[in-house]
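Student: I'd like to ask some things about the structure below.
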Amino acid sequence: MSSTQHVVMWSGGITSWATARHVVAEHGADAVTLLFADTLIEDADLYRFNDQASAKLGVPITRVADGRTPWQVFEDRRWLGNTRIAQCSHDLKQKPCRDWLTENTDPARTTVYVGIDWTETHRLPAIEAGWSPWTVDAPLTRPPWRDKEALRTEARAAGLIDPQLYRLGFAHNNCGGGCVRGGQAQWARLLRLFPERYARAEAAEVKMRGLLGTDVSILRDRVGGTVRPLTLAALRARMEARPEQLDLFDELDEGGCGCFTEAGDPR
Ligand code: SF4
């Protein structure tokens, strides 16, 4: 067993599983921690995946939680998270994980692992700076190079049922499919598949617009070449008016989370 502590930033996504599998194979389960920051709005199936994957890897999940949801963070920060700035990422994931690292590890003897892959190597310098003084590694940036679909196939081959949100077409398994960075395609999918979650987010956006007294929104509308706020209510109205018209929203506007791979407080 290695004397170094190996802490995998465990999101419940497939890349964090693949990262953890690599680290466990290299250093042994006893040397590994799977550090999971709970935002309290996760898909129920994420916990099922966590339990199943954790049992297969032989490493328990170490859970940390700020205790607030992203919506409560936005109220406290008086800022509605959106595709560009999302303080929920800092407050609910990065800070609780950093606090845990501070309390439980020696930076000189600890490596932090993030689940970015070979398409994102340009982000590594900023990620390393963000987690300093801990050493950062990202095994999926090295060969053999596989995409998410290949990793899901590997997870199934390892006896896991991959997360429900992936099976439903979501790009990420976080915040119940309602990430504020997710873009129009994600929100349209959420409306179709989990209308109650969409309604909760829509109500929270309405509340934030009232609190701030400004025309803020999670999404942006680029129709006609001009960028304007696009509320969840407006997107829902478009979807309900012409649900067959998928081009009413931008299918390519489906962003990524990056909760564990950023540096510092965004604001
Ligand atoms: S997944 Fe999205 S909504 Fe959830 S904490 Fe991260 S940035 Fe915020």
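Ordered as shown in the structure tokens, chains take letters A, B, and onward, while each chain numbers its residues from 1 and ligands are numbered from 1 in the order shown.
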Please identify every polymer residue within 10 Å of ligand 1, using only C-alpha atoms and all ligand atoms, and present the set as number ranges by chain.

Tutor: A: 11, 37-42, 69-71, 73-74, 81-94, 172-182, 255-260

Student: Please list as a list in words every residue within 6 Å of region 229-234 of chain A, counting only C-alpha atoms and excluding residues in the same chain fewer than 4 positions away.

Tutor: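 The contact residues come out as Glu202, Ser217, Leu219, Arg220 and Asp221 of chain A.
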
Student: Can you measure CA of Leu191 (chain A) to CA of Arg236 (chain A) for me? One decimal in Å is fine.

Tutor: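 Computed distance, CA of Leu191 (chain A) to CA of Arg236 (chain A), equals 7.4 Å.
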
Student: So which one's closest to Gln186 (chain A), A:Ala204, A:Cys97, A:Ala199, A:Ala171? Using only C-alpha atoms, please.

Tutor: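 Using only C-alpha atoms, the shortest distance to Gln186 (chain A) belongs to A:Ala171.
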
Student: Using only C-alpha atoms, find the one residue out of A:Ala65, A:Leu235, A:Val7, A:Val114 that sits nearest to Leu140 (chain A).

Tutor: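 Answer, going by the shortest atom-to-atom distance: A:Val114.
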